[in-house]
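All remarks here apply to the structure that follows.
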Amino acid sequence: MSVGKRALVTGGAGFLGSHLCERLLAEGYEVVCLDNLLTGDAKNVLHLQADDRFTFHKADVTEPLNEDVTPDIIFHLASLASPVHYSTYPIETLRVGSLGADNVLELARRGGATVVFSSTSEVYGDPEINPQPESYWGNVNPVGPRSMYDEAKRYSEALAVAFYRHYGVDVRLARIFNTYGSRMRLDDGRVLPNFMVQALTGKPLTVYGDGSQTRSLCFVDDLVEGLLRAAHWQSKLTKGQPQTGEPLIVNLGNPDEATVLQLAQEIIAVTGSDSTIDYKPLPGDDPQVRCPDITRAKKILGWEPKVPRSEGLRRVVPYFKEALARGS
Ligand code: UDP
């Protein structure tokens, strides 16, 4: 069942966005994909172009949006997401989290669209509690090396909640934890693509710090299912009327927590690599632990991840092999 039939996906040519576009088409939606291709890649959605229900616009969500686009639902995914990318493009990251979020919310306000708003586990910063429930306010350095991303997302959450309360815009905030799958860039810089590329090319795996920090990795298909369920959730809000309380705010991630060192060992094993491990300095403000409490997602959306890491890693190896062979 779909909420409305026309979806706008900002950041739709990115890793996660392209998987979402594919799934939305399969669910019967008409899909407008918007991406400025800063880290997204038009090739990620090339195979969708033959479908006349799919349109791609190369556009920047921080610029005024095309008024002709009248979606029923907006999946707002546009953002730099890798620490390497967002620290390379700090101003763009802050602008997409502020101006971009504003443009999307205004479009929703004018047209009455529902918004599934991608937020992040980074709103919890370097958490003092583990796992992190949605009620946790976080431990964020507002001027640290990750601040351009963390604070942009925290601001955009505040803006989305203000649009919900003040204008009655139907927003659902999805706090997305580390996710992996095909179409991640080889030069993405995040842990999974780095380790896959290093393992498959026989180079040492670069473990930052002593590798005892933890992450919880979610397979992309599970994450997309969570976004769909957030979209289809029945809100009690009356659109256009001021609201009290909070919109739906929900963690989406796989709670199977692992240390980075464990992940390196698993990737060496799944690729059959004879790579060694090379310990490198830990970047500043790197969270020591991260694991989603998904009690709310289970209860409200009936969602939990289905693909265990052992299977997800196995499924993603062929993609990295092919991408390396293509040199892209
Ligand atoms: N990491 C690592 N080696 C790499 C890339 C990342 O050890 O080549 C570590 C990084 O320090 C962090 C974790 O892996 O502790 C996850 O990093 P990633 O960049 O994927 O995203 P984050 O979860 O930090 O946003």
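Chain lettering (A, B, ...) mirrors the order of the structure tokens, residue numbering begins at 1 for each chain separately, and ligand numbering begins at 1 in order of display.
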Check which residues fall inside 9 Å of ligand 1 when counting only C-alpha atoms and all ligand atoms, and print them as a ChimeraX atom specification. /A:81-84,121-122,146,177-179,188-195,198,205-216,259-261,263-264,279-284,286-290
Those selected residues, please, written with C-alpha atoms and delivered as a compact mmCIF listing (two decimals), in the first residue's frame.
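What landed in again-v5.txt:
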# COMPACT_ATOMS: atom_id res chain seq x y z
CA ALA A 81 27.09 11.18 4.76
CA SER A 82 30.66 9.91 5.00
CA PRO A 83 32.94 11.61 7.55
CA VAL A 84 35.59 11.94 4.82
CA SER A 121 22.71 8.33 14.74
CA GLU A 122 25.24 11.21 14.75
CA ARG A 146 32.22 16.24 12.99
CA PHE A 177 22.53 4.21 11.79
CA ASN A 178 25.49 2.86 9.79
CA THR A 179 24.20 1.20 6.63
CA ASP A 188 33.52 6.68 0.16
CA GLY A 189 35.98 6.60 3.06
CA ARG A 190 33.63 4.85 5.47
CA VAL A 191 34.69 1.71 7.20
CA LEU A 192 32.90 -0.89 5.12
CA PRO A 193 33.95 0.28 1.63
CA ASN A 194 37.49 0.96 2.88
CA PHE A 195 37.85 -2.53 4.35
CA GLN A 198 41.58 -3.06 0.97
CA LEU A 205 43.04 -2.93 6.44
CA THR A 206 43.35 0.49 8.08
CA VAL A 207 41.89 0.13 11.57
CA TYR A 208 41.71 3.52 13.29
CA GLY A 209 42.70 3.52 16.97
CA ASP A 210 42.84 0.08 18.57
CA GLY A 211 39.66 -1.02 16.80
CA SER A 212 37.73 -1.40 20.06
CA GLN A 213 35.16 1.24 19.06
CA THR A 214 31.84 -0.25 18.03
CA ARG A 215 29.37 0.23 15.19
CA SER A 216 26.18 -1.61 14.25
CA THR A 259 33.98 -3.70 17.21
CA VAL A 260 35.75 -2.23 14.20
CA LEU A 261 38.51 -4.81 14.65
CA LEU A 263 34.51 -6.15 11.38
CA ALA A 264 37.99 -6.06 9.81
CA TYR A 279 46.57 0.45 12.93
CA LYS A 280 46.20 4.19 12.21
CA PRO A 281 45.43 7.13 14.52
CA LEU A 282 41.83 7.49 15.64
CA PRO A 283 40.20 10.62 14.11
CA GLY A 284 39.03 13.31 16.56
CA ASP A 286 35.20 9.38 16.74
CA PRO A 287 32.31 7.86 18.74
CA GLN A 288 33.50 5.01 20.99
CA VAL A 289 30.23 3.11 20.80
CA ARG A 290 27.15 3.17 18.61
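For region 267-301 of chain A, backbone-based DSSP labels the following residues as strand (DSSP E): Ile277, Asp278, Tyr279 and Lys280 of chain A.
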Next, write the just-selected residues to a file, as a PDB file, in the first residue's frame, keeping N, CA and C atoms as the atom set.
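Written out: selection_17.pdb:
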ATOM      1  N   ILE A 277      46.428  -6.216   9.137  1.00  0.00           N
ATOM      2  CA  ILE A 277      45.768  -5.036   9.709  1.00  0.00           C
ATOM      3  C   ILE A 277      46.823  -3.987  10.030  1.00  0.00           C
ATOM      4  N   ASP A 278      46.525  -2.761   9.639  1.00  0.00           N
ATOM      5  CA  ASP A 278      47.439  -1.647   9.869  1.00  0.00           C
ATOM      6  C   ASP A 278      46.726  -0.652  10.789  1.00  0.00           C
ATOM      7  N   TYR A 279      47.233  -0.459  11.989  1.00  0.00           N
ATOM      8  CA  TYR A 279      46.572   0.452  12.933  1.00  0.00           C
ATOM      9  C   TYR A 279      46.975   1.896  12.636  1.00  0.00           C
ATOM     10  N   LYS A 280      45.978   2.765  12.523  1.00  0.00           N
ATOM     11  CA  LYS A 280      46.195   4.190  12.205  1.00  0.00           C
ATOM     12  C   LYS A 280      45.595   5.022  13.333  1.00  0.00           C
TER      13      LYS A 280
END
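Of the listed residues A:Lys43, A:His232, A:Arg314, A:Arg154, the one whose atoms come nearest to Ser328 (chain A) is A:Lys43, with distances taken using only C-alpha atoms.
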Might you pull out every residue within 12 Å of region 96-98 of chain A, with only C-alpha atoms counted and same-chain residues fewer than 5 positions away left off, and present them as a VMD selection string? chain A and resid 10 to 11 35 to 36 38 60 to 63 76 to 81 86 89 to 91 103 to 105 117 to 120 147 to 160
Atom pair CA of Gly168 (chain A) + CA of Gln243 (chain A), distance 5.9 Å
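Excluding Val115 (chain A) itself and same-chain residues fewer than 3 positions from it, the residues having an atom within 6 Å of it are A:Ile73, A:Ile74, A:Phe75, A:Val171, counting only C-alpha atoms.
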Helix (DSSP H, G or I) positions in region 5-188 of chain A, given as a PyMOL selection string: chain A and resi 15-26+42-48+83-88+90-111+121-124+147-167
Write a file of the just-selected residues containing C-alpha atoms, as a tab-separated table (two decimals), in the first residue's frame.
chain	number	residue	atom	x	y	z
A	15	PHE	CA	23.90	4.85	-2.34
A	16	LEU	CA	20.82	4.70	-0.12
A	17	GLY	CA	18.65	6.95	-2.33
A	18	SER	CA	19.09	4.81	-5.43
A	19	HIS	CA	18.02	1.66	-3.56
A	20	LEU	CA	15.00	3.55	-2.25
A	21	CYS	CA	14.04	4.79	-5.77
A	22	GLU	CA	14.21	1.22	-7.03
A	23	ARG	CA	12.00	-0.05	-4.23
A	24	LEU	CA	9.47	2.78	-4.64
A	25	LEU	CA	9.07	1.97	-8.34
A	26	ALA	CA	8.55	-1.67	-7.41
A	42	ALA	CA	23.87	9.27	-12.13
A	43	LYS	CA	24.98	5.72	-12.96
A	44	ASN	CA	23.25	4.53	-9.77
A	45	VAL	CA	19.88	5.29	-11.34
A	46	LEU	CA	20.71	4.76	-15.02
A	47	HIS	CA	18.87	1.41	-15.02
A	48	LEU	CA	15.70	3.18	-13.77
A	83	PRO	CA	32.94	11.61	7.55
A	84	VAL	CA	35.59	11.94	4.82
A	85	HIS	CA	33.12	13.69	2.51
A	86	TYR	CA	31.44	15.94	5.03
A	87	SER	CA	34.75	17.15	6.41
A	88	THR	CA	35.88	17.86	2.82
A	90	PRO	CA	31.76	21.36	5.49
A	91	ILE	CA	29.86	24.36	4.11
A	92	GLU	CA	27.85	22.23	1.67
A	93	THR	CA	27.02	19.87	4.54
A	94	LEU	CA	25.78	22.71	6.75
A	95	ARG	CA	23.84	24.24	3.88
A	96	VAL	CA	22.06	21.04	2.93
A	97	GLY	CA	21.14	20.55	6.59
A	98	SER	CA	19.79	24.08	6.88
A	99	LEU	CA	18.75	25.59	3.51
A	100	GLY	CA	18.05	22.18	1.97
A	101	ALA	CA	15.90	21.07	4.90
A	102	ASP	CA	14.05	24.41	4.80
A	103	ASN	CA	13.31	24.07	1.06
A	104	VAL	CA	12.01	20.53	1.48
A	105	LEU	CA	9.81	21.44	4.44
A	106	GLU	CA	8.43	24.51	2.63
A	107	LEU	CA	7.59	22.36	-0.40
A	108	ALA	CA	5.77	19.96	1.92
A	109	ARG	CA	3.96	22.77	3.67
A	110	ARG	CA	2.73	24.31	0.39
A	111	GLY	CA	1.72	21.03	-1.21
A	121	SER	CA	22.71	8.33	14.74
A	122	GLU	CA	25.24	11.21	14.75
A	123	VAL	CA	22.67	13.32	16.59
A	124	TYR	CA	23.74	11.23	19.60
A	147	SER	CA	30.20	19.29	13.94
A	148	MET	CA	29.34	20.27	10.36
A	149	TYR	CA	27.35	17.05	10.04
A	150	ASP	CA	26.10	16.49	13.58
A	151	GLU	CA	24.90	20.02	14.11
A	152	ALA	CA	23.45	20.31	10.60
A	153	LYS	CA	21.35	17.22	11.27
A	154	ARG	CA	20.39	18.39	14.76
A	155	TYR	CA	19.32	21.75	13.33
A	156	SER	CA	17.34	20.06	10.57
A	157	GLU	CA	15.58	17.89	13.15
A	158	ALA	CA	14.66	21.02	15.11
A	159	LEU	CA	13.41	22.66	11.91
A	160	ALA	CA	11.34	19.60	10.97
A	161	VAL	CA	9.79	19.49	14.44
A	162	ALA	CA	9.01	23.22	14.22
A	163	PHE	CA	7.26	22.70	10.85
A	164	TYR	CA	5.32	19.84	12.41
A	165	ARG	CA	4.23	21.86	15.46
A	166	HIS	CA	3.74	25.24	13.86
A	167	TYR	CA	2.40	24.37	10.40
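Taking CA of Ser310 (chain A) and CA of Glu257 (chain A) as endpoints, the distance between them is 12.6 Å.
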Contact check, region 168-283 of chain A to region 294-302 of chain A, at most 7 Å, counting only C-alpha atoms, closest pairs as a tab-separated table:
residue	atom	partner	partner_atom	distance
A:Arg229	CA	A:Leu301	CA	6.0
A:Ala230	CA	A:Leu301	CA	6.7
A:Trp233	CA	A:Leu301	CA	6.8
A:Val250	CA	A:Ala297	CA	6.0
A:Asn251	CA	A:Ile294	CA	6.0
A:Leu252	CA	A:Ile294	CA	6.8
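Here the question is which of A:Val270, A:Leu173, A:Leu65, A:Ala199 gets nearest to Leu227 (chain A) using only C-alpha atoms, and that residue is A:Leu173.
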For Ala7 (chain A), find every residue with an atom within 7 Å (counting only C-alpha atoms), except residues of its own chain fewer than 3 positions away, and show them as a PyMOL selection string. chain A and resi 29-32+71-74
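With CA of Asp51 (chain A) on one side and CA of Asp222 (chain A) on the other, the separation reads 24.0 Å.
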Could you check the closest approach to Gly112 (chain A) for each of A:Pro204, A:Gly272, A:Pro308, A:Gly240 and tell me which residue wins, using only C-alpha atoms? A:Gly240
